[in-house]
file upload.txt (compact mmCIF, C-alpha atoms)
# COMPACT_ATOMS: atom_id res chain seq x y z
CA MET N 1 45.31 1.06 -32.02
CA ARG N 2 43.23 2.89 -34.61
CA LEU N 3 40.64 4.95 -32.75
CA ALA N 4 37.67 6.97 -34.04
CA ILE N 5 36.22 9.49 -31.58
CA LEU N 6 32.57 10.34 -32.28
CA ILE N 7 31.27 13.59 -30.78
CA GLY N 8 28.50 15.98 -31.74
CA HIS N 9 30.56 19.17 -31.45
CA PHE N 10 34.28 19.79 -31.18
CA PRO N 11 36.50 22.80 -30.42
CA PRO N 12 37.40 25.50 -31.27
CA ASP N 13 33.79 26.67 -31.31
CA ALA N 14 32.30 24.17 -28.83
CA VAL N 15 33.80 24.68 -25.38
CA GLY N 16 31.77 22.57 -22.97
CA GLY N 17 33.46 20.13 -20.66
CA ALA N 18 32.86 17.10 -22.88
CA GLU N 19 34.22 18.85 -25.94
CA LEU N 20 37.33 20.17 -24.21
CA GLN N 21 38.06 16.74 -22.74
CA ALA N 22 37.54 15.11 -26.15
CA GLN N 23 40.05 17.52 -27.65
CA ALA N 24 42.58 16.85 -24.90
CA TRP N 25 42.13 13.09 -25.15
CA ALA N 26 42.49 13.17 -28.96
CA ARG N 27 45.80 15.02 -28.68
CA ARG N 28 47.13 12.76 -25.93
CA LEU N 29 46.04 9.49 -27.48
CA ALA N 30 47.44 10.54 -30.87
CA ALA N 31 50.95 10.31 -29.42
CA ARG N 32 50.65 6.50 -29.40
CA HIS N 33 47.60 5.70 -31.53
CA ASP N 34 46.03 6.55 -34.89
CA VAL N 35 43.19 8.94 -33.96
CA VAL N 36 40.42 10.53 -36.02
CA VAL N 37 37.59 12.70 -34.66
CA VAL N 38 34.22 12.57 -36.44
CA THR N 39 32.03 15.56 -35.60
CA ARG N 40 29.58 18.09 -37.04
CA PHE N 41 30.31 21.36 -38.79
CA SER N 42 29.69 24.12 -36.27
CA ALA N 43 30.91 27.03 -38.40
CA PRO N 44 30.92 27.31 -42.21
CA ALA N 45 34.53 28.51 -42.25
CA HIS N 46 35.87 25.22 -40.90
CA ALA N 47 37.37 22.67 -43.23
CA ALA N 48 35.66 19.35 -43.87
CA ARG N 49 38.94 17.62 -43.03
CA GLU N 50 41.73 19.00 -40.90
CA ARG N 51 44.88 17.62 -39.32
CA ARG N 52 46.11 19.07 -36.05
CA ASP N 53 48.07 17.96 -32.99
CA GLY N 54 48.73 14.56 -34.55
CA TYR N 55 45.10 13.56 -35.25
CA GLU N 56 42.54 14.18 -37.98
CA VAL N 57 39.17 15.93 -37.68
CA VAL N 58 36.36 14.97 -40.10
CA ARG N 59 33.38 17.34 -40.04
CA LEU N 60 29.90 16.44 -41.27
CA ARG N 61 27.22 18.87 -42.35
CA PRO N 62 24.03 18.68 -40.22
CA ALA N 63 20.60 18.48 -41.80
CA ARG N 64 18.70 21.73 -42.11
CA LEU N 65 15.32 20.20 -41.25
CA PRO N 66 15.11 19.50 -37.49
CA GLY N 67 12.80 16.50 -37.92
CA TRP N 68 15.29 14.84 -40.29
CA ARG N 69 18.41 15.71 -38.28
CA THR N 70 18.72 12.56 -36.14
CA VAL N 71 18.32 10.16 -39.07
CA HIS N 72 20.67 12.25 -41.19
CA ASP N 73 23.29 12.31 -38.42
CA LEU N 74 23.13 8.55 -37.91
CA LEU N 75 23.53 7.86 -41.62
CA SER N 76 26.27 10.44 -42.21
CA ILE N 77 28.33 9.32 -39.19
CA GLU N 78 28.24 5.72 -40.40
CA ARG N 79 29.18 6.73 -43.95
CA ALA N 80 32.10 8.77 -42.61
CA VAL N 81 33.41 5.89 -40.51
CA ARG N 82 33.08 3.44 -43.39
CA ALA N 83 34.95 5.89 -45.67
CA LEU N 84 37.99 6.21 -43.40
CA PRO N 85 41.17 5.02 -45.17
CA ARG N 86 41.93 2.66 -42.28
CA ARG N 87 39.21 0.74 -40.48
CA PRO N 88 39.12 1.75 -36.79
CA ASP N 89 39.76 -0.83 -34.11
CA LEU N 90 37.40 0.98 -31.76
CA LEU N 91 34.80 3.75 -31.67
CA LEU N 92 34.96 6.04 -28.62
CA CYS N 93 31.57 7.76 -28.45
CA PHE N 94 31.30 10.88 -26.31
CA GLN N 95 27.80 10.96 -24.80
CA THR N 96 25.01 8.43 -25.10
CA PHE N 97 22.97 10.37 -27.65
CA ILE N 98 23.61 10.87 -30.45
CA SER N 99 27.19 9.62 -30.72
CA GLY N 100 26.66 6.49 -28.63
CA PHE N 101 23.50 5.62 -30.56
CA ALA N 102 25.39 6.05 -33.83
CA GLY N 103 28.29 4.00 -32.48
CA ILE N 104 26.24 0.93 -31.61
CA ARG N 105 24.55 1.03 -35.03
CA ILE N 106 27.97 1.06 -36.68
CA GLN N 107 29.08 -1.75 -34.37
CA ARG N 108 26.07 -3.82 -35.42
CA HIS N 109 26.62 -3.18 -39.14
CA THR N 110 30.41 -3.39 -39.32
CA GLY N 111 31.63 -5.26 -36.25
CA ILE N 112 33.73 -2.30 -35.07
CA PRO N 113 33.32 -2.27 -31.26
CA ALA N 114 31.77 0.87 -29.75
CA VAL N 115 32.54 2.29 -26.30
CA VAL N 116 30.17 4.91 -24.89
CA TRP N 117 31.52 7.56 -22.52
CA VAL N 118 28.73 9.00 -20.37
CA ARG N 119 29.64 12.63 -19.80
CA GLY N 120 27.12 13.97 -17.33
CA GLU N 121 24.46 13.24 -14.77
CA GLY N 122 21.75 14.28 -17.22
CA GLU N 123 22.45 11.22 -19.38
CA VAL N 124 21.79 8.79 -16.54
CA ARG N 125 18.69 10.46 -15.06
CA LEU N 126 16.39 8.29 -17.13
CA ALA N 127 13.16 9.70 -15.75
CA ARG N 128 13.79 13.03 -17.44
CA SER N 129 12.31 11.96 -20.79
CA PRO N 130 10.85 8.97 -22.64
CA LEU N 131 13.73 9.24 -25.14
CA ALA N 132 16.34 8.91 -22.39
CA ARG N 133 14.52 5.91 -20.88
CA TRP N 134 14.39 4.15 -24.24
CA VAL N 135 17.76 5.07 -25.74
CA GLY N 136 20.13 5.02 -22.75
CA PRO N 137 19.64 1.45 -21.49
CA ARG N 138 19.70 -0.02 -24.99
CA VAL N 139 22.82 1.87 -26.03
CA TRP N 140 24.68 0.82 -22.87
CA GLU N 141 23.54 -2.80 -23.21
CA ALA N 142 24.74 -3.02 -26.81
CA ALA N 143 28.06 -1.19 -26.36
CA ARG N 144 31.29 -3.14 -25.94
CA GLY N 145 32.06 -0.98 -22.91
CA VAL N 146 30.66 1.98 -20.97
CA LEU N 147 32.77 4.67 -19.31
CA VAL N 148 31.71 7.12 -16.59
CA GLN N 149 33.70 9.90 -14.93
CA SER N 150 33.09 9.10 -11.29
CA GLU N 151 31.87 6.48 -8.83
CA ALA N 152 28.85 8.68 -8.06
CA VAL N 153 27.74 8.61 -11.70
CA ARG N 154 28.37 4.84 -11.83
CA THR N 155 26.16 4.30 -8.78
CA THR N 156 23.42 6.56 -10.15
CA LEU N 157 23.46 4.86 -13.55
CA LEU N 158 23.07 1.38 -12.06
CA ALA N 159 20.33 2.55 -9.68
CA GLU N 160 18.39 4.18 -12.53
CA LEU N 161 18.64 1.01 -14.60
CA GLU N 162 17.45 -1.10 -11.67
CA ARG N 163 14.39 1.11 -11.44
CA VAL N 164 13.65 1.66 -15.15
CA ALA N 165 15.07 -1.36 -17.00
CA PRO N 166 16.13 -4.08 -14.54
CA ARG N 167 16.52 -6.69 -17.29
CA LEU N 168 19.11 -4.55 -19.05
CA ARG N 169 21.06 -3.85 -15.86
CA ALA N 170 22.27 -7.39 -15.26
CA GLY N 171 25.16 -7.43 -17.70
CA LEU N 172 26.31 -3.85 -17.30
CA PRO N 173 28.50 -3.84 -14.15
CA GLY N 174 31.07 -6.11 -15.82
CA LYS N 175 31.66 -3.66 -18.67
CA LEU N 176 31.26 -0.39 -16.76
CA GLU N 177 34.53 1.43 -15.97
CA VAL N 178 35.31 4.68 -14.16
CA VAL N 179 37.88 6.93 -15.85
CA PRO N 180 37.94 10.56 -14.68
CA ASN N 181 38.88 13.66 -16.63
CA GLY N 182 42.56 14.31 -17.18
CA LEU N 183 44.21 17.49 -16.02
CA GLU N 184 47.19 19.69 -16.79
CA LEU N 185 48.80 20.67 -13.49
CA PRO N 186 49.92 24.32 -13.44
CA ASP N 187 53.14 25.25 -11.70
CA PRO N 188 53.18 27.28 -8.47
CA PRO N 189 53.46 29.83 -6.98
CA PHE N 190 49.78 30.45 -6.30
CA THR N 191 48.73 33.69 -4.66
CA ARG N 192 45.10 34.46 -3.88
CA GLY N 193 43.36 37.41 -5.44
CA GLY N 194 40.19 39.11 -4.29
CA ARG N 195 37.43 38.00 -6.67
CA VAL N 196 35.02 35.09 -6.60
CA LEU N 197 35.21 33.18 -9.89
CA THR N 198 32.61 30.92 -11.49
CA VAL N 199 33.16 29.13 -14.81
CA GLY N 200 30.49 27.54 -16.99
CA ARG N 201 27.69 28.09 -19.44
CA LEU N 202 25.23 30.81 -18.48
CA ILE N 203 22.22 28.52 -18.24
CA ARG N 204 19.83 27.68 -15.42
CA ASP N 205 21.39 24.31 -14.61
CA LYS N 206 24.68 26.00 -13.68
CA GLY N 207 23.09 28.10 -10.91
CA MET N 208 24.75 31.38 -11.88
CA ASP N 209 21.79 33.32 -10.43
CA THR N 210 22.48 31.70 -7.05
CA VAL N 211 26.14 32.74 -7.26
CA ILE N 212 25.20 36.36 -8.00
CA ASP N 213 22.74 36.52 -5.09
CA ALA N 214 25.28 34.99 -2.70
CA VAL N 215 28.28 37.10 -3.68
CA ALA N 216 26.21 40.28 -3.47
CA GLY N 217 25.72 39.57 0.22
CA VAL N 218 29.41 39.10 1.01
CA GLN N 219 31.94 41.27 -0.79
CA GLY N 220 30.54 42.09 -4.22
CA LEU N 221 33.47 41.11 -6.50
CA LEU N 222 32.52 38.42 -9.01
CA THR N 223 33.91 37.16 -12.32
CA LEU N 224 31.85 34.91 -14.59
CA ALA N 225 33.61 33.07 -17.43
CA GLY N 226 31.22 31.56 -19.96
CA GLU N 227 28.42 32.38 -22.35
CA GLY N 228 24.81 31.34 -22.65
CA ALA N 229 21.17 32.22 -23.07
CA GLU N 230 20.80 33.72 -19.59
CA ARG N 231 23.57 36.29 -19.91
CA ALA N 232 21.32 39.35 -20.27
CA ALA N 233 19.13 38.31 -17.32
CA LEU N 234 22.19 37.61 -15.17
CA GLU N 235 23.77 40.94 -16.04
CA ALA N 236 20.53 42.68 -15.04
CA ARG N 237 20.43 40.69 -11.80
CA ALA N 238 23.99 41.68 -10.92
CA LYS N 239 23.21 45.32 -11.69
CA ARG N 240 20.16 45.29 -9.40
CA HIS N 241 22.41 44.05 -6.60
CA GLY N 242 24.99 46.76 -7.30
CA LEU N 243 27.48 43.96 -7.80
CA ASP N 244 30.91 44.45 -9.37
CA ALA N 245 30.43 41.56 -11.80
CA ARG N 246 32.74 41.00 -14.76
CA PHE N 247 31.16 38.91 -17.51
CA GLU N 248 34.13 37.57 -19.46
CA GLY N 249 32.23 35.48 -22.01
CA VAL N 250 34.06 32.54 -23.56
CA VAL N 251 37.77 32.91 -22.80
CA ASP N 252 40.83 31.25 -24.28
CA ARG N 253 43.09 28.99 -22.26
CA GLY N 254 45.59 31.69 -21.34
CA ARG N 255 42.94 34.07 -20.08
CA LEU N 256 41.21 31.34 -18.09
CA GLU N 257 44.45 30.48 -16.32
CA ARG N 258 44.89 34.14 -15.36
CA LEU N 259 41.35 34.19 -13.97
CA TYR N 260 42.08 31.17 -11.80
CA ARG N 261 45.28 32.76 -10.53
CA GLU N 262 43.60 36.03 -9.57
CA ALA N 263 40.60 34.38 -7.87
CA ALA N 264 40.05 34.31 -4.12
CA CYS N 265 37.93 31.17 -4.56
CA VAL N 266 35.99 29.32 -7.24
CA VAL N 267 32.28 28.47 -7.01
CA LEU N 268 30.27 25.79 -8.79
CA ALA N 269 26.59 26.18 -7.88
CA ALA N 270 25.17 23.68 -10.38
CA ARG N 271 21.65 22.42 -9.88
CA ARG N 272 22.15 19.30 -12.00
CA GLY N 273 23.81 17.92 -15.11
CA GLU N 274 27.44 17.65 -14.04
CA GLY N 275 29.71 14.67 -14.54
CA LEU N 276 33.15 15.47 -13.15
CA PRO N 277 33.36 19.24 -13.67
CA ASN N 278 36.47 20.49 -15.45
CA ALA N 279 36.12 23.92 -13.89
CA LEU N 280 36.25 22.48 -10.39
CA LEU N 281 39.22 20.23 -11.16
CA GLU N 282 41.13 23.11 -12.72
CA ALA N 283 40.38 25.41 -9.80
CA MET N 284 41.75 22.80 -7.42
CA ALA N 285 44.84 22.38 -9.59
CA PHE N 286 45.46 26.12 -9.16
CA ALA N 287 45.14 25.66 -5.38
CA ARG N 288 41.94 27.70 -5.16
CA PRO N 289 39.54 27.01 -2.30
CA VAL N 290 36.31 25.75 -3.90
CA VAL N 291 32.67 25.92 -2.90
CA ALA N 292 30.36 23.55 -4.76
CA THR N 293 27.01 21.82 -4.73
CA PRO N 294 27.12 18.01 -4.20
CA VAL N 295 25.81 17.00 -7.63
CA ALA N 296 26.99 13.86 -9.45
CA GLY N 297 30.78 13.58 -9.61
CA VAL N 298 31.31 16.53 -7.27
CA ARG N 299 30.45 14.14 -4.45
CA ASP N 300 33.51 12.05 -5.33
CA LEU N 301 35.77 15.07 -5.70
CA VAL N 302 35.02 17.44 -2.81
CA ARG N 303 35.03 16.41 0.85
CA ASP N 304 33.27 19.08 2.86
CA GLY N 305 35.67 20.94 5.14
CA VAL N 306 38.66 18.94 3.90
CA ASN N 307 39.44 20.08 0.35
CA GLY N 308 36.47 22.39 -0.24
CA LEU N 309 33.06 23.38 1.05
CA LEU N 310 29.73 21.87 -0.01
CA VAL N 311 26.42 23.75 -0.02
CA PRO N 312 22.92 22.72 -1.15
CA PRO N 313 21.79 23.71 -4.66
CA ASP N 314 19.48 26.71 -4.97
CA ASP N 315 20.50 28.09 -1.57
CA PRO N 316 22.09 31.56 -1.84
CA ARG N 317 22.20 31.94 1.94
CA ALA N 318 24.21 28.74 2.44
CA LEU N 319 26.58 29.76 -0.35
CA ARG N 320 26.91 33.25 1.15
CA ASP N 321 27.75 31.73 4.55
CA ALA N 322 30.40 29.50 2.98
CA LEU N 323 32.01 32.47 1.22
CA ALA N 324 31.93 34.45 4.46
CA ARG N 325 33.72 31.57 6.23
CA LEU N 326 36.52 31.67 3.67
CA GLN N 327 36.98 35.36 4.39
CA SER N 328 36.71 35.31 8.16
CA GLU N 329 37.84 31.89 9.42
CA LYS N 330 41.58 32.09 9.98
CA GLY N 331 43.58 29.57 7.98
CA LEU N 332 40.54 27.91 6.38
CA ALA N 333 41.11 29.12 2.81
CA ALA N 334 44.79 28.20 2.86
CA ARG N 335 44.11 24.74 4.29
CA LEU N 336 41.40 23.97 1.76
CA ALA N 337 43.54 25.28 -1.08
CA ALA N 338 46.48 23.03 -0.18
CA ALA N 339 44.22 19.98 0.08
CA ALA N 340 42.52 20.89 -3.20
CA ARG N 341 45.84 20.94 -5.01
CA GLU N 342 46.75 17.56 -3.53
CA THR N 343 43.43 16.16 -4.76
CA ALA N 344 43.97 17.56 -8.24
CA GLU N 345 47.35 15.87 -8.52
CA GLY N 346 45.52 12.53 -8.61
CA PHE N 347 43.94 13.58 -11.92
CA ALA N 348 47.18 14.45 -13.72
CA TRP N 349 47.37 13.07 -17.24
CA ASP N 350 50.19 10.66 -16.43
CA ARG N 351 47.91 8.99 -13.87
CA VAL N 352 44.66 9.02 -15.82
CA GLN N 353 45.75 8.28 -19.39
CA PRO N 354 47.10 4.75 -18.74
CA ARG N 355 43.75 3.80 -17.20
CA LEU N 356 41.84 4.80 -20.32
CA GLU N 357 44.31 3.20 -22.72
CA ALA N 358 44.21 -0.07 -20.80
CA VAL N 359 40.40 -0.42 -20.96
CA LEU N 360 40.19 0.72 -24.60
CA GLU N 361 42.84 -1.77 -25.69
CA ARG N 362 41.08 -4.52 -23.74
CA TRP N 363 37.73 -3.76 -25.35
CA ALA N 364 39.27 -3.42 -28.83
CA ALA N 365 40.84 -6.87 -28.49
CA ALA N 366 37.81 -8.59 -26.92

call {"tool": "encode", "arguments": {"input": "upload.txt", "output": "structure tokens"}}
result
Amino acid sequence: MRLAILIGHFPPDAVGGAELQAQAWARRLAARHDVVVVTRFSAPAHAARERRDGYEVVRLRPARLPGWRTVHDLLSIERAVRALPRRPDLLLCFQTFISGFAGIRIQRHTGIPAVVWVRGEGEVRLARSPLARWVGPRVWEAARGVLVQSEAVRTTLLAELERVAPRLRAGLPGKLEVVPNGLELPDPPFTRGGRVLTVGRLIRDKGMDTVIDAVAGVQGLLTLAGEGAERAALEARAKRHGLDARFEGVVDRGRLERLYREAACVVLAARRGEGLPNALLEAMAFARPVVATPVAGVRDLVRDGVNGLLVPPDDPRALRDALARLQSEKGLAARLAAAARETAEGFAWDRVQPRLEAVLERWAAA
């Protein structure tokens, strides 16, 4: 199968969950398929075309004028796909907008089927903006197939369509598939360290302020891996609490693995916007006890008191109580950690990859 992956940003300089999963999928799929990634330039030093890990990356220059950017992106993505030496059998579009929108336009103009992979709860919360209400349902209706990362996101998407665009909902369940993120399983042994770890962009939706407030009331050792616009405010918040907080910034893979191994537990305090969080899956793979908020795909991943603890968003006291339980309740952390690892094993690449390949090949042949 010849596969073109369309995504707005791509590593090494874009390190969100969608981008990291796109990179991992490109490398894995390239072992059996002809894969090209079409993305934007994110740094001037990058090459317009690059081959790595068995696949090709084609980078497009964004428009300088913000008002022209969407039209420019749509046109340049289509030109790039048309210019590929070998016509793709399928377009795999990461996120509904703008890649999914571009994909269905190319499908309409060329006949190349487009599959849209919804990557987060924010894409399916259609009430958030007029653009989301107009674009999302029409992109999903036109696409050959639609992928989501969890049953929770699937349920939310269908419920939102029923409320906002019931006419467009009717045909969607038959072409809506759940394929979760894939995962590299690290090898034991796993020994617990003493710090609370949280991984993600330093933005309001990730709830890093809640983590700081909660950890300050328990033991005061916190590591934050990630970068974002709220870093300065979060550093000041941690300082006011007298918290021993290490702000690691964006870390490479090796450093992130060391952070997981030295953590006592891993916290995801997101307010919204998650799909199936990589950070939570990876923490569970390292047999870390996890504390999370029940947003989107987290509800499918974490069973409260079984393989992790769930707390309400925006509730530092509930998060503080959960962290205190991990410290004081005999055997709890070890039991949750063992169950977390067992859960993570279900997301190993050798289990997840065949599911994606099967639906992509079916849609390409349809």

call {"tool": "atom_distance", "arguments": {"input": "upload.txt", "atom1": "CA of Val311 (chain N)", "atom2": "CA of Glu274 (chain N)"}}
result
15.3 Å

call {"tool": "axis_aligned_box", "arguments": {"input": "upload.txt", "around": "region 25-40 of chain N", "padding_each_side": "3 Å", "output": "lines of an AutoDock Vina configuration file"}}
result
center_x = 40.3
center_y = 11.9
center_z = -31.1
size_x = 27.4
size_y = 18.4
size_z = 17.9

call {"tool": "residues_around", "arguments": {"input": "upload.txt", "residues": "region 75-92 of chain N", "least_positions_apart": "2", "cutoff": "6 Å", "atoms": "all atoms listed in the file", "output": "PDB file with C-alpha atoms, keeping the file's coordinate frame"}}
result
ATOM      1  CA  ARG N   2      43.230   2.890 -34.610  1.00  0.00           C
ATOM      2  CA  LEU N   3      40.640   4.950 -32.750  1.00  0.00           C
ATOM      3  CA  ALA N   4      37.670   6.970 -34.040  1.00  0.00           C
ATOM      4  CA  ILE N   5      36.220   9.490 -31.580  1.00  0.00           C
ATOM      5  CA  HIS N  72      20.670  12.250 -41.190  1.00  0.00           C
ATOM      6  CA  ASP N  73      23.290  12.310 -38.420  1.00  0.00           C
ATOM      7  CA  ILE N 106      27.970   1.060 -36.680  1.00  0.00           C
ATOM      8  CA  ILE N 112      33.730  -2.300 -35.070  1.00  0.00           C
ATOM      9  CA  PRO N 113      33.320  -2.270 -31.260  1.00  0.00           C
ATOM     10  CA  ALA N 114      31.770   0.870 -29.750  1.00  0.00           C
ATOM     11  CA  VAL N 115      32.540   2.290 -26.300  1.00  0.00           C
ATOM     12  CA  ALA N 364      39.270  -3.420 -28.830  1.00  0.00           C
TER      13      ALA N 364
END

call {"tool": "closest_residue", "arguments": {"input": "upload.txt", "among": "N:Pro180, N:Gly67, N:Pro312, N:Gly331", "to": "Val118 (chain N)", "atoms": "all atoms listed in the file"}}
result
N:Pro180

call {"tool": "closest_residue", "arguments": {"input": "upload.txt", "among": "N:Gly308, N:Pro130, N:Pro313, N:Pro294", "to": "Thr343 (chain N)", "atoms": "all atoms listed in the file"}}
result
N:Gly308

call {"tool": "atom_distance", "arguments": {"input": "upload.txt", "atom1": "CA of Arg258 (chain N)", "atom2": "CA of Arg341 (chain N)"}}
result
16.8 Å

call {"tool": "residues_near_point", "arguments": {"input": "upload.txt", "point": "(31.9, 38.3, -13.8)", "cutoff": "12 Å", "atoms": "only C-alpha atoms", "output": "MDAnalysis selection string"}}
result
chainID N and resid 195:200 202 208:209 211:212 215:216 220:227 231 234:235 237:239 243:250 259 263 266:267

call {"tool": "residues_around", "arguments": {"input": "upload.txt", "residues": "Arg49 (chain N)", "least_positions_apart": "4", "cutoff": "12 Å", "atoms": "only C-alpha atoms", "output": "list in words"}}
result
Val36, Val37, Val38, Thr39, Arg40, Phe41, Ala45, Tyr55, Glu56, Val57, Val58, Arg59, Leu60, Arg61, Ala80 and Leu84 of chain N

call {"tool": "closest_residue", "arguments": {"input": "upload.txt", "among": "N:Ser42, N:Thr293, N:Gln149, N:Ser129", "to": "Asn278 (chain N)", "atoms": "only C-alpha atoms"}}
result
N:Gln149

call {"tool": "closest_residue", "arguments": {"input": "upload.txt", "among": "N:Leu126, N:Glu230, N:Leu281, N:Ala333", "to": "Thr191 (chain N)", "atoms": "only C-alpha atoms"}}
result
N:Ala333

call {"tool": "residues_around", "arguments": {"input": "upload.txt", "residues": "region 150-154 of chain N", "least_positions_apart": "5", "cutoff": "10 Å", "atoms": "all atoms listed in the file", "output": "list of chain:residue names"}}
result
N:Val118, N:Arg119, N:Gly120, N:Glu121, N:Gly122, N:Glu123, N:Val124, N:Arg125, N:Ala159, N:Pro173, N:Leu176, N:Glu177, N:Val178, N:Val179, N:Pro180, N:Asn181, N:Glu274, N:Gly275, N:Leu276, N:Val295, N:Ala296, N:Gly297, N:Val298, N:Arg299, N:Asp300, N:Leu301

call {"tool": "closest_residue", "arguments": {"input": "upload.txt", "among": "N:Thr96, N:Leu74, N:Leu147, N:Arg163", "to": "Leu131 (chain N)", "atoms": "all atoms listed in the file"}}
result
N:Thr96

call {"tool": "closest_residue", "arguments": {"input": "upload.txt", "among": "N:Val146, N:Ala283, N:Val164, N:Leu268", "to": "Leu183 (chain N)", "atoms": "only C-alpha atoms"}}
result
N:Ala283

call {"tool": "atom_distance", "arguments": {"input": "upload.txt", "atom1": "CA of Arg288 (chain N)", "atom2": "CA of Phe347 (chain N)"}}
result
15.8 Å

call {"tool": "residues_around", "arguments": {"input": "upload.txt", "residues": "Ala30 (chain N)", "least_positions_apart": "2", "cutoff": "10 Å", "atoms": "all atoms listed in the file", "output": "PyMOL selection string"}}
result
chain N and resi 1-3+24-28+32-36+53-56

call {"tool": "write_last_selection", "arguments": {"input": "upload.txt", "atoms": "C-alpha atoms", "output": "PDB file, in the coordinates of the input"}}
result
ATOM      1  CA  MET N   1      45.310   1.060 -32.020  1.00  0.00           C
ATOM      2  CA  ARG N   2      43.230   2.890 -34.610  1.00  0.00           C
ATOM      3  CA  LEU N   3      40.640   4.950 -32.750  1.00  0.00           C
ATOM      4  CA  ALA N  24      42.580  16.850 -24.900  1.00  0.00           C
ATOM      5  CA  TRP N  25      42.130  13.090 -25.150  1.00  0.00           C
ATOM      6  CA  ALA N  26      42.490  13.170 -28.960  1.00  0.00           C
ATOM      7  CA  ARG N  27      45.800  15.020 -28.680  1.00  0.00           C
ATOM      8  CA  ARG N  28      47.130  12.760 -25.930  1.00  0.00           C
ATOM      9  CA  ARG N  32      50.650   6.500 -29.400  1.00  0.00           C
ATOM     10  CA  HIS N  33      47.600   5.700 -31.530  1.00  0.00           C
ATOM     11  CA  ASP N  34      46.030   6.550 -34.890  1.00  0.00           C
ATOM     12  CA  VAL N  35      43.190   8.940 -33.960  1.00  0.00           C
ATOM     13  CA  VAL N  36      40.420  10.530 -36.020  1.00  0.00           C
ATOM     14  CA  ASP N  53      48.070  17.960 -32.990  1.00  0.00           C
ATOM     15  CA  GLY N  54      48.730  14.560 -34.550  1.00  0.00           C
ATOM     16  CA  TYR N  55      45.100  13.560 -35.250  1.00  0.00           C
ATOM     17  CA  GLU N  56      42.540  14.180 -37.980  1.00  0.00           C
TER      18      GLU N  56
END
